[in-house]
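**Q** Input structure: structure28.tsv, which contains TSV, C-alpha atoms.
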chain	number	residue	atom	x	y	z
F	29	MET	CA	115.14	53.52	-21.11
F	30	SER	CA	116.76	50.70	-19.24
F	31	PHE	CA	114.85	48.84	-16.56
F	32	ILE	CA	116.67	48.01	-13.35
F	33	ASN	CA	115.03	45.29	-11.32
F	34	TYR	CA	116.53	45.07	-7.83
F	35	MET	CA	114.26	42.20	-6.93
F	36	ALA	CA	115.35	39.96	-9.81
F	37	ARG	CA	118.79	41.61	-9.88
F	38	GLU	CA	118.52	42.33	-13.57
F	39	ILE	CA	119.27	45.19	-15.91
F	40	ASN	CA	117.20	45.22	-19.09
F	41	CYS	CA	118.20	47.37	-22.04
F	42	LYS	CA	116.65	47.92	-25.45
F	43	ILE	CA	118.73	48.08	-28.61
F	44	VAL	CA	117.24	48.96	-31.98
F	45	TYR	CA	118.64	48.11	-35.42
F	46	TYR	CA	117.71	50.89	-37.84
F	47	GLY	CA	118.40	51.26	-41.56
F	48	PRO	CA	116.90	51.21	-45.06
F	49	GLY	CA	114.81	48.33	-46.40
F	50	LEU	CA	116.75	45.13	-47.16
F	51	CYS	CA	119.98	46.39	-45.58
F	52	GLY	CA	120.26	43.27	-43.39
F	53	LYS	CA	118.83	44.19	-39.98
F	54	THR	CA	116.87	40.96	-39.67
F	55	THR	CA	119.90	39.01	-40.98
F	56	ASN	CA	121.99	40.49	-38.14
F	57	LEU	CA	119.49	39.20	-35.59
F	58	GLN	CA	119.26	35.81	-37.27
F	59	TYR	CA	123.02	35.41	-37.16
F	60	ILE	CA	123.15	36.40	-33.48
F	61	TYR	CA	120.33	33.98	-32.76
F	62	GLU	CA	122.07	31.10	-34.54
F	63	ARG	CA	125.41	31.69	-32.88
F	64	THR	CA	124.25	32.25	-29.31
F	65	ASN	CA	124.28	29.59	-26.64
F	66	PRO	CA	120.67	28.38	-26.02
F	67	ASP	CA	120.92	29.35	-22.32
F	68	ALA	CA	121.66	32.94	-23.24
F	69	LYS	CA	118.84	33.59	-25.66
F	70	GLY	CA	115.07	33.53	-25.85
F	71	LYS	CA	112.92	32.89	-28.85
F	72	MET	CA	113.37	35.13	-31.87
F	73	ILE	CA	110.14	36.67	-33.04
F	74	SER	CA	109.66	38.09	-36.51
F	75	LEU	CA	106.53	39.96	-37.42
F	76	ALA	CA	106.99	39.80	-41.17
F	77	THR	CA	104.91	39.81	-44.34
F	78	GLU	CA	104.46	36.70	-46.48
F	79	THR	CA	107.47	37.80	-48.52
F	80	GLU	CA	109.58	37.96	-45.35
F	81	ARG	CA	109.78	41.73	-45.26
F	82	THR	CA	109.62	43.01	-41.68
F	83	LEU	CA	106.11	44.30	-41.03
F	84	PHE	CA	106.41	45.53	-37.47
F	85	PHE	CA	109.57	44.28	-35.77
F	86	ASP	CA	111.90	41.38	-35.04
F	87	PHE	CA	112.68	40.71	-31.42
F	88	LEU	CA	115.48	38.75	-29.79
F	89	PRO	CA	116.14	38.67	-26.03
F	90	LEU	CA	119.79	38.02	-25.07
F	91	SER	CA	121.60	37.57	-21.77
F	92	LEU	CA	125.15	38.84	-21.71
F	93	GLY	CA	126.23	37.71	-18.27
F	94	GLU	CA	126.54	39.34	-14.87
F	95	ILE	CA	127.94	42.68	-13.90
F	96	ARG	CA	128.29	43.45	-10.20
F	97	GLY	CA	125.75	40.76	-9.36
F	98	PHE	CA	123.19	42.02	-11.87
F	99	LYS	CA	122.21	39.93	-14.87
F	100	THR	CA	122.41	42.01	-18.03
F	101	ARG	CA	119.67	41.38	-20.53
F	102	PHE	CA	119.46	43.03	-23.90
F	103	HIS	CA	116.31	43.14	-25.97
F	104	LEU	CA	117.23	43.50	-29.63
F	105	TYR	CA	114.65	44.95	-32.00
F	106	THR	CA	114.71	45.74	-35.69
F	107	VAL	CA	112.48	48.29	-37.36
F	108	PRO	CA	110.74	47.76	-40.69
F	109	GLY	CA	113.01	49.50	-43.20
F	110	GLN	CA	110.56	50.29	-45.94
F	111	VAL	CA	109.80	54.00	-46.13
F	112	PHE	CA	106.02	53.72	-45.70
F	113	TYR	CA	106.25	51.95	-42.34
F	114	ASP	CA	107.36	55.12	-40.58
F	115	ALA	CA	104.58	55.04	-37.97
F	116	SER	CA	105.79	51.60	-36.82
F	117	ARG	CA	109.43	52.74	-36.70
F	118	LYS	CA	108.50	55.57	-34.34
F	119	LEU	CA	106.79	53.14	-31.97
F	120	ILE	CA	109.76	50.80	-31.85
F	121	LEU	CA	112.15	53.63	-30.99
F	122	LYS	CA	110.22	54.36	-27.79
F	123	GLY	CA	112.31	53.65	-24.73
F	124	VAL	CA	115.42	52.82	-26.78
F	125	ASP	CA	118.80	52.66	-24.99
F	126	GLY	CA	121.08	52.21	-27.97
F	127	VAL	CA	120.86	52.34	-31.77
F	128	ILE	CA	122.73	50.42	-34.47
F	129	PHE	CA	122.41	51.96	-37.91
F	130	CYS	CA	122.80	49.23	-40.49
F	131	ALA	CA	123.88	50.73	-43.81
F	132	ASP	CA	123.70	48.96	-47.15
F	133	SER	CA	127.12	49.32	-48.81
F	134	GLN	CA	125.81	48.95	-52.37
F	135	ILE	CA	126.24	52.03	-54.53
F	136	GLU	CA	122.57	51.94	-55.55
F	137	ARG	CA	121.54	52.28	-51.89
F	138	LEU	CA	123.57	55.37	-50.96
F	139	GLU	CA	120.55	57.62	-51.14
F	140	ALA	CA	118.35	55.14	-49.24
F	141	ASN	CA	120.98	55.08	-46.45
F	142	GLN	CA	121.02	58.84	-46.24
F	143	GLU	CA	117.24	59.02	-46.22
F	144	SER	CA	116.99	56.41	-43.46
F	145	MET	CA	119.64	58.21	-41.37
F	146	ASP	CA	117.69	61.48	-41.70
F	147	ASN	CA	114.54	59.62	-40.75
F	148	LEU	CA	116.25	58.16	-37.67
F	149	ARG	CA	117.35	61.60	-36.58
F	150	THR	CA	113.84	63.02	-37.03
F	151	ASN	CA	112.11	60.16	-35.24
F	152	LEU	CA	114.52	60.26	-32.31
F	153	ALA	CA	114.08	64.01	-32.00
F	154	GLU	CA	110.31	63.55	-31.83
F	155	GLN	CA	110.85	61.54	-28.65
F	156	GLY	CA	113.31	64.03	-27.24
F	157	TYR	CA	116.42	61.97	-28.01
F	158	SER	CA	119.33	63.05	-30.16
F	159	LEU	CA	121.82	60.97	-32.10
F	160	GLU	CA	124.63	62.94	-30.48
F	161	LYS	CA	123.63	61.82	-27.00
F	162	ILE	CA	122.28	58.32	-27.38
F	163	PRO	CA	124.64	55.28	-27.57
F	164	PHE	CA	125.00	54.91	-31.32
F	165	VAL	CA	127.13	52.84	-33.70
F	166	ILE	CA	127.11	52.29	-37.46
F	167	GLN	CA	127.54	49.08	-39.41
F	168	TYR	CA	128.45	49.06	-43.12
F	169	ASN	CA	126.85	45.84	-44.23
F	170	LYS	CA	127.20	43.78	-47.42
F	171	ARG	CA	130.94	44.47	-47.75
F	172	ASP	CA	131.28	41.26	-49.77
F	173	LEU	CA	129.23	42.52	-52.71
F	174	PRO	CA	131.07	43.67	-55.87
F	175	ASN	CA	129.08	46.91	-56.05
F	176	ALA	CA	129.97	47.97	-52.49
F	177	VAL	CA	131.31	51.51	-52.36
F	178	ASP	CA	134.46	52.49	-50.53
F	179	VAL	CA	134.09	52.51	-46.74
F	180	GLN	CA	135.53	55.99	-46.61
F	181	GLU	CA	132.77	57.24	-48.88
F	182	LEU	CA	130.11	55.71	-46.62
F	183	ARG	CA	131.85	57.14	-43.59
F	184	ASP	CA	131.91	60.64	-45.11
F	185	LEU	CA	128.23	60.36	-45.91
F	186	LEU	CA	126.85	58.68	-42.79
F	187	ASN	CA	129.32	59.16	-39.99
F	188	PRO	CA	130.35	62.80	-39.72
F	189	MET	CA	130.21	62.46	-35.92
F	190	GLY	CA	132.80	59.69	-35.96
F	191	VAL	CA	130.87	57.20	-33.85
F	192	PRO	CA	132.25	53.63	-33.70
F	193	ASP	CA	131.67	51.97	-37.07
F	194	PHE	CA	132.18	48.47	-38.43
F	195	GLU	CA	132.40	46.69	-41.75
F	196	ALA	CA	130.14	43.68	-41.92
F	197	ASN	CA	128.69	40.89	-43.93
F	198	ALA	CA	125.70	39.84	-41.85
F	199	ARG	CA	125.09	36.74	-43.91
F	200	SER	CA	128.51	35.27	-43.06
F	201	GLY	CA	128.55	36.93	-39.64
F	202	MET	CA	131.53	39.18	-40.21
F	203	GLY	CA	131.27	42.24	-37.98
F	204	VAL	CA	127.89	41.26	-36.49
F	205	PHE	CA	129.04	40.63	-32.94
F	206	ASP	CA	131.60	43.47	-33.06
F	207	THR	CA	128.77	45.88	-33.79
F	208	LEU	CA	126.55	44.50	-31.04
F	209	LYS	CA	129.35	44.52	-28.48
F	210	ALA	CA	130.23	48.10	-29.29
F	211	VAL	CA	126.73	49.41	-28.75
F	212	SER	CA	126.22	47.26	-25.63
F	213	LYS	CA	129.36	48.72	-24.12
F	214	LEU	CA	128.17	52.24	-24.84
F	215	VAL	CA	124.77	51.47	-23.27
F	216	LEU	CA	126.36	50.10	-20.09
F	217	THR	CA	128.75	53.04	-19.94
F	218	GLU	CA	125.76	55.37	-20.19
F	219	LEU	CA	124.07	53.45	-17.37
F	220	LYS	CA	127.20	53.89	-15.29
F	221	ARG	CA	126.95	57.61	-15.83
F	222	GLY	CA	123.40	57.38	-14.53
F	223	GLY	CA	121.78	58.10	-17.89
H	1	MET	CA	117.43	60.91	-20.99
H	2	VAL	CA	113.84	61.93	-21.46
H	3	ASN	CA	112.11	59.09	-19.70
H	4	PRO	CA	112.75	58.50	-16.05
H	5	GLN	CA	114.63	55.30	-15.40
H	6	MET	CA	112.35	52.37	-14.73
H	7	VAL	CA	113.43	50.81	-11.46
H	8	MET	CA	111.87	48.04	-9.40
H	9	TYR	CA	112.55	47.64	-5.67
H	10	GLU	CA	111.77	44.69	-3.46
H	11	GLU	CA	109.06	46.47	-1.48
H	12	GLU	CA	107.01	47.50	-4.49
H	13	PHE	CA	107.69	44.25	-6.28
H	14	ASN	CA	106.17	42.32	-3.38
H	15	GLN	CA	103.11	44.58	-3.39
H	16	ILE	CA	102.67	44.11	-7.13
H	17	GLN	CA	103.15	40.36	-6.86
H	18	THR	CA	100.46	40.20	-4.16
H	19	VAL	CA	98.03	41.99	-6.49
H	20	VAL	CA	98.68	39.70	-9.46
H	21	ASP	CA	98.62	36.54	-7.31
H	22	ARG	CA	95.23	37.57	-6.00
H	23	LEU	CA	93.94	38.54	-9.43
H	24	VAL	CA	94.74	35.09	-10.84
H	25	LYS	CA	92.56	33.51	-8.15
H	26	GLU	CA	89.75	36.05	-8.08
H	27	ALA	CA	89.38	36.21	-11.85
H	28	ASN	CA	89.75	32.44	-12.28
H	29	ALA	CA	92.49	33.23	-14.76
H	30	ARG	CA	95.22	31.01	-16.17
H	31	VAL	CA	97.91	33.64	-16.16
H	32	VAL	CA	98.25	37.27	-15.14
H	33	PHE	CA	101.27	39.36	-15.94
H	34	ILE	CA	102.44	42.95	-15.90
H	35	VAL	CA	104.67	44.45	-18.55
H	36	ASP	CA	106.03	47.94	-18.90
H	37	LYS	CA	105.28	49.82	-22.11
H	38	ASN	CA	108.74	49.01	-23.45
H	39	GLY	CA	108.06	45.28	-23.28
H	40	GLN	CA	109.92	44.38	-20.08
H	41	LEU	CA	108.20	41.81	-17.90
H	42	ILE	CA	107.62	43.12	-14.38
H	43	ALA	CA	105.64	40.40	-12.62
H	44	ALA	CA	103.72	37.25	-13.47
H	45	ALA	CA	101.44	34.79	-11.70
H	46	GLY	CA	99.55	31.61	-12.50
H	47	ASP	CA	100.50	28.88	-14.93
H	48	VAL	CA	103.57	30.62	-16.35
H	49	ASP	CA	105.90	27.63	-16.59
H	50	ASN	CA	104.74	26.59	-20.03
H	51	LEU	CA	104.60	30.12	-21.33
H	52	ASP	CA	107.24	32.18	-23.11
H	53	THR	CA	106.63	35.27	-20.98
H	54	THR	CA	109.51	37.25	-22.50
H	55	SER	CA	108.04	36.97	-25.99
H	56	LEU	CA	104.54	37.62	-24.70
H	57	ALA	CA	105.74	40.74	-22.92
H	58	SER	CA	107.40	42.15	-26.02
H	59	LEU	CA	104.45	41.37	-28.28
H	60	THR	CA	101.93	42.79	-25.82
H	61	ALA	CA	103.91	46.01	-25.61
H	62	GLY	CA	104.08	46.11	-29.42
H	63	ASN	CA	100.35	45.59	-29.55
H	64	ILE	CA	99.68	48.39	-27.06
H	65	ALA	CA	102.08	50.67	-28.95
H	66	ALA	CA	100.31	50.00	-32.25
H	67	THR	CA	96.87	50.50	-30.69
H	68	GLY	CA	98.09	53.72	-29.09
H	69	GLY	CA	99.23	54.87	-32.53
H	70	ILE	CA	95.78	54.17	-33.94
H	71	ALA	CA	94.20	56.05	-31.03
H	72	LYS	CA	96.33	59.08	-31.78
H	73	LEU	CA	95.22	59.08	-35.42
H	74	LEU	CA	91.61	59.05	-34.22
H	75	ARG	CA	92.38	61.84	-31.75
H	76	GLU	CA	91.70	59.50	-28.87
H	77	ASN	CA	94.02	59.62	-25.91
H	78	GLU	CA	94.40	55.84	-25.57
H	79	PHE	CA	92.35	52.70	-25.90
H	80	ALA	CA	92.74	51.62	-22.31
H	81	ALA	CA	91.50	48.06	-22.74
H	82	GLN	CA	91.62	45.34	-25.39
H	83	PHE	CA	90.12	41.90	-25.58
H	84	HIS	CA	91.08	39.04	-27.90
H	85	GLU	CA	88.88	35.99	-28.06
H	86	GLY	CA	90.28	32.62	-29.08
H	87	GLU	CA	88.82	29.14	-29.22
H	88	LYS	CA	90.32	28.03	-25.94
H	89	ALA	CA	92.19	31.02	-24.57
H	90	ASN	CA	91.18	34.64	-24.29
H	91	ILE	CA	93.31	37.59	-23.42
H	92	HIS	CA	92.36	40.85	-21.74
H	93	ILE	CA	94.86	43.70	-21.89
H	94	GLN	CA	94.50	46.80	-19.74
H	95	LEU	CA	96.66	49.91	-19.58
H	96	VAL	CA	97.44	50.96	-16.03
H	97	GLY	CA	98.21	54.62	-15.46
H	98	ASN	CA	99.44	54.91	-19.05
H	99	ARG	CA	102.63	53.34	-17.87
H	100	VAL	CA	102.32	49.59	-17.48
H	101	ILE	CA	100.15	46.91	-19.03
H	102	LEU	CA	98.10	44.36	-17.12
H	103	VAL	CA	97.46	41.16	-19.08
H	104	VAL	CA	95.01	38.44	-18.08
H	105	ILE	CA	94.84	35.13	-19.97
H	106	PHE	CA	91.77	33.05	-19.21
H	107	ASP	CA	89.72	30.18	-20.56
H	108	ALA	CA	86.14	28.87	-20.28
H	109	LYS	CA	86.48	28.61	-16.50
H	110	SER	CA	86.13	32.36	-16.32
H	111	SER	CA	84.25	35.04	-18.23
H	112	LEU	CA	85.00	38.42	-19.70
H	113	GLY	CA	82.61	40.07	-17.24
H	114	LEU	CA	84.36	38.61	-14.21
H	115	VAL	CA	87.81	39.43	-15.59
H	116	ARG	CA	86.86	43.05	-16.30
H	117	LEU	CA	85.40	43.46	-12.85
H	118	ARG	CA	88.48	42.09	-11.09
H	119	VAL	CA	90.87	43.93	-13.38
H	120	ARG	CA	89.21	47.24	-12.56
H	121	LYS	CA	89.81	46.73	-8.85
H	122	SER	CA	93.41	45.65	-9.35
H	123	THR	CA	94.07	48.57	-11.69
H	124	ASP	CA	93.37	51.09	-8.95
H	125	GLU	CA	95.69	49.29	-6.58
H	126	LEU	CA	98.46	48.96	-9.16
H	127	ASN	CA	98.12	52.61	-10.04
H	128	ARG	CA	98.85	53.59	-6.46
H	129	ILE	CA	101.85	51.26	-6.24
H	130	PHE	CA	103.39	52.49	-9.48
H	131	GLU	CA	102.83	56.12	-8.55
H	132	ALA	CA	104.67	55.55	-5.28
H	133	LEU	CA	107.42	53.72	-7.14
H	134	LEU	CA	107.85	56.52	-9.66
H	135	SER	CA	108.07	59.20	-7.02
H	136	LYS	CA	110.70	57.12	-5.22
H	137	VAL	CA	112.74	56.85	-8.41
H	138	ALA	CA	112.38	60.53	-9.22
H	139	ALA	CA	113.38	61.57	-5.70
H	140	PRO	CA	116.75	63.31	-5.58
H	141	GLY	CA	119.50	61.19	-4.17
H	142	ALA	CA	118.06	57.99	-5.58
H	143	ASP	CA	121.25	56.00	-5.86
H	144	SER	CA	122.40	54.25	-8.99
H	145	PRO	CA	124.12	50.95	-8.22
H	146	PHE	CA	126.01	51.29	-11.46
H	147	ALA	CA	127.93	54.41	-10.67
H	148	GLU	CA	130.67	52.13	-9.40
H	149	ILE	CA	130.85	49.96	-12.49
H	150	THR	CA	134.32	50.19	-13.96
H	151	ASP	CA	135.28	50.04	-17.62
H	152	GLU	CA	136.95	46.78	-16.70
H	153	ASP	CA	133.64	45.31	-15.48
H	154	ILE	CA	132.11	46.16	-18.82
H	155	ASP	CA	135.05	44.75	-20.77
H	156	ASN	CA	134.90	41.52	-18.76
H	157	LEU	CA	131.35	40.98	-19.91
H	158	PHE	CA	132.58	40.69	-23.46
H	159	ASN	CA	135.62	38.52	-22.96
H	160	ASP	CA	134.53	35.15	-24.21
I'd like the structure from this file rewritten - as structure tokens, please.
**A**
Amino acid sequence: MSFINYMAREINCKIVYYGPGLCGKTTNLQYIYERTNPDAKGKMISLATETERTLFFDFLPLSLGEIRGFKTRFHLYTVPGQVFYDASRKLILKGVDGVIFCADSQIERLEANQESMDNLRTNLAEQGYSLEKIPFVIQYNKRDLPNAVDVQELRDLLNPMGVPDFEANARSGMGVFDTLKAVSKLVLTELKRGG
Amino acid sequence: MVNPQMVMYEEEFNQIQTVVDRLVKEANARVVFIVDKNGQLIAAAGDVDNLDTTSLASLTAGNIAATGGIAKLLRENEFAAQFHEGEKANIHIQLVGNRVILVVIFDAKSSLGLVRLRVRKSTDELNRIFEALLSKVAAPGADSPFAEITDEDIDNLFND
């Protein structure tokens, strides 16, 4: 749910990175953080375990510039990917405006991707959202790895709806901003429609 | 969308700001701020210059969300208030109308008793303001300033 502040002339939107454990959600945020002009970003917060697994969420506030005199601010969140943190994932989805599903391209993770996608669908439905209606894009991460499966196979498995999808390597940054831009555009388009 | 759009207008913003400005003084607090449950900062008062209010807002909302989750498991509706005691700074967090969060940061110049007393009074006032705001937003014909955004406007945002 976006927040329109007429007083501060700001639009605030919430974008959530979803996906199985170790697929690279936090790495996406880290790359965005490193490559963004200091004026346009706030502090990145990671609530992680001692082994750097996300415990609750990562958070990165970004400013994208002005649109019709309103500053657009995006709050990026990641969810903890590990299966047993489901209660936390549900909390982070509250009030979401757009979702990026980060898939792990490795053949060993096909099932984990599918499971996480099902979980996303269920958790959104619990809040009255549906993947068909919410701004949604998919990122196929870790394309550089030798055990990455064919994009078409991932697409058949995870993207039957044909939402915008992107190949990425979050560590090098390939595809990271393309994915973010795509979902941001969808969110603003939704806002335009009065969503 | 399921949730009504959160919107803030100048009139209500000024009312809210008056309440938080007063609360800082009356509670002898360092900082007072209001966040919505999704972690967006709505208003702040006091010594906010040296404070990362955006991060604080997001973490406070996360905290309230987690506590709300615990409450649900215990079949409680909500834990409306929380208090964290530090060596120098303390923080009192209060849910207002199950919609926004009122946060008071204070030190040894104040006390938990005083803060709770003043927060209670402000909560009632804030409740009324937010109820009025919500009914305004829900009213039919509430205009969206973004209906006129063109695809070009959106594209321009990303041309760098």
**Q** Using all atoms listed in the file, determine which residues lie at most 8 Å from segment 47-58 of chain H, disregarding the query and same-chain residues fewer than 4 positions distant; provide the list as a VMD selection string.
**A** (chain F and resid 70 to 71 73 87 89) or (chain H and resid 30 to 31 35 38 to 41 62)
**Q** Using the selection just defined, write its residues with C-alpha atoms as a CSV table (one decimal), in the coordinates of the input.
**A**
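Written out: result.csv:
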chain,number,residue,atom,x,y,z
F,70,GLY,CA,115.1,33.5,-25.8
F,71,LYS,CA,112.9,32.9,-28.8
F,73,ILE,CA,110.1,36.7,-33.0
F,87,PHE,CA,112.7,40.7,-31.4
F,89,PRO,CA,116.1,38.7,-26.0
H,30,ARG,CA,95.2,31.0,-16.2
H,31,VAL,CA,97.9,33.6,-16.2
H,35,VAL,CA,104.7,44.4,-18.6
H,38,ASN,CA,108.7,49.0,-23.4
H,39,GLY,CA,108.1,45.3,-23.3
H,40,GLN,CA,109.9,44.4,-20.1
H,41,LEU,CA,108.2,41.8,-17.9
H,62,GLY,CA,104.1,46.1,-29.4
**Q** Please indicate the distance in Å from atom CA of Leu134 of chain H to atom CA of Tyr34 of chain F, rounded to one decimal place.
**A** 14.5 Å
**Q** In the coordinate frame of the file, compute which residues have an atom within 6 Å of (112.4, 39.8, -34.0) when using all atoms listed in the file, and state them as a ChimeraX atom specification.
**A** /F:72-74,85-88,105
**Q** Which is closer to chain H than all the others in F:Asn197, F:Ser158, F:Gln142, F:Thr150, using all atoms listed in the file?
**A**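 Of F:Asn197, F:Ser158, F:Gln142, F:Thr150, the one nearest chain H, counting all atoms listed in the file, is F:Ser158.
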**Q** If we count all atoms listed in the file, which residues of chain F reach to within 8 Å of chain H? Please list them as a VMD selection string.
**A** chain F and resid 29 to 35 40 70 to 71 73 87 89 92 to 96 115 to 116 119 to 120 122 to 123 155 to 157 209 213 216 to 217 219 to 223
**Q** Suppose we keep C-alpha atoms; can you now write the selection as an mmCIF file, keeping the file's coordinate frame?
**A**
data_model
loop_
_atom_site.group_PDB
_atom_site.id
_atom_site.type_symbol
_atom_site.label_atom_id
_atom_site.label_comp_id
_atom_site.auth_asym_id
_atom_site.auth_seq_id
_atom_site.Cartn_x
_atom_site.Cartn_y
_atom_site.Cartn_z
ATOM 1 C CA MET F 29 115.140 53.520 -21.110
ATOM 2 C CA SER F 30 116.760 50.700 -19.240
ATOM 3 C CA PHE F 31 114.850 48.840 -16.560
ATOM 4 C CA ILE F 32 116.670 48.010 -13.350
ATOM 5 C CA ASN F 33 115.030 45.290 -11.320
ATOM 6 C CA TYR F 34 116.530 45.070 -7.830
ATOM 7 C CA MET F 35 114.260 42.200 -6.930
ATOM 8 C CA ASN F 40 117.200 45.220 -19.090
ATOM 9 C CA GLY F 70 115.070 33.530 -25.850
ATOM 10 C CA LYS F 71 112.920 32.890 -28.850
ATOM 11 C CA ILE F 73 110.140 36.670 -33.040
ATOM 12 C CA PHE F 87 112.680 40.710 -31.420
ATOM 13 C CA PRO F 89 116.140 38.670 -26.030
ATOM 14 C CA LEU F 92 125.150 38.840 -21.710
ATOM 15 C CA GLY F 93 126.230 37.710 -18.270
ATOM 16 C CA GLU F 94 126.540 39.340 -14.870
ATOM 17 C CA ILE F 95 127.940 42.680 -13.900
ATOM 18 C CA ARG F 96 128.290 43.450 -10.200
ATOM 19 C CA ALA F 115 104.580 55.040 -37.970
ATOM 20 C CA SER F 116 105.790 51.600 -36.820
ATOM 21 C CA LEU F 119 106.790 53.140 -31.970
ATOM 22 C CA ILE F 120 109.760 50.800 -31.850
ATOM 23 C CA LYS F 122 110.220 54.360 -27.790
ATOM 24 C CA GLY F 123 112.310 53.650 -24.730
ATOM 25 C CA GLN F 155 110.850 61.540 -28.650
ATOM 26 C CA GLY F 156 113.310 64.030 -27.240
ATOM 27 C CA TYR F 157 116.420 61.970 -28.010
ATOM 28 C CA LYS F 209 129.350 44.520 -28.480
ATOM 29 C CA LYS F 213 129.360 48.720 -24.120
ATOM 30 C CA LEU F 216 126.360 50.100 -20.090
ATOM 31 C CA THR F 217 128.750 53.040 -19.940
ATOM 32 C CA LEU F 219 124.070 53.450 -17.370
ATOM 33 C CA LYS F 220 127.200 53.890 -15.290
ATOM 34 C CA ARG F 221 126.950 57.610 -15.830
ATOM 35 C CA GLY F 222 123.400 57.380 -14.530
ATOM 36 C CA GLY F 223 121.780 58.100 -17.890
#
**Q** As JSON, numbers by chain, please: the residues near Glu136 of chain F (cut-off 12 Å, all atoms listed in the file, same-chain neighbours under 5 positions excluded).
**A** {"F": [48, 51, 131, 141, 142, 173, 174, 175, 176, 177]}
**Q** Counting all atoms listed in the file, write as a PDB file with C-alpha atoms, keeping the file's coordinate frame all protein and nucleic acid residues lying at most 7 Å from (97.5, 47.0, -22.2) in the file's frame.
**A**
ATOM      1  CA  ILE H  64      99.680  48.390 -27.060  1.00  0.00           C
ATOM      2  CA  ALA H  80      92.740  51.620 -22.310  1.00  0.00           C
ATOM      3  CA  ALA H  81      91.500  48.060 -22.740  1.00  0.00           C
ATOM      4  CA  GLN H  82      91.620  45.340 -25.390  1.00  0.00           C
ATOM      5  CA  ILE H  93      94.860  43.700 -21.890  1.00  0.00           C
ATOM      6  CA  GLN H  94      94.500  46.800 -19.740  1.00  0.00           C
ATOM      7  CA  LEU H  95      96.660  49.910 -19.580  1.00  0.00           C
ATOM      8  CA  ILE H 101     100.150  46.910 -19.030  1.00  0.00           C
ATOM      9  CA  LEU H 102      98.100  44.360 -17.120  1.00  0.00           C
ATOM     10  CA  VAL H 103      97.460  41.160 -19.080  1.00  0.00           C
TER      11      VAL H 103
END
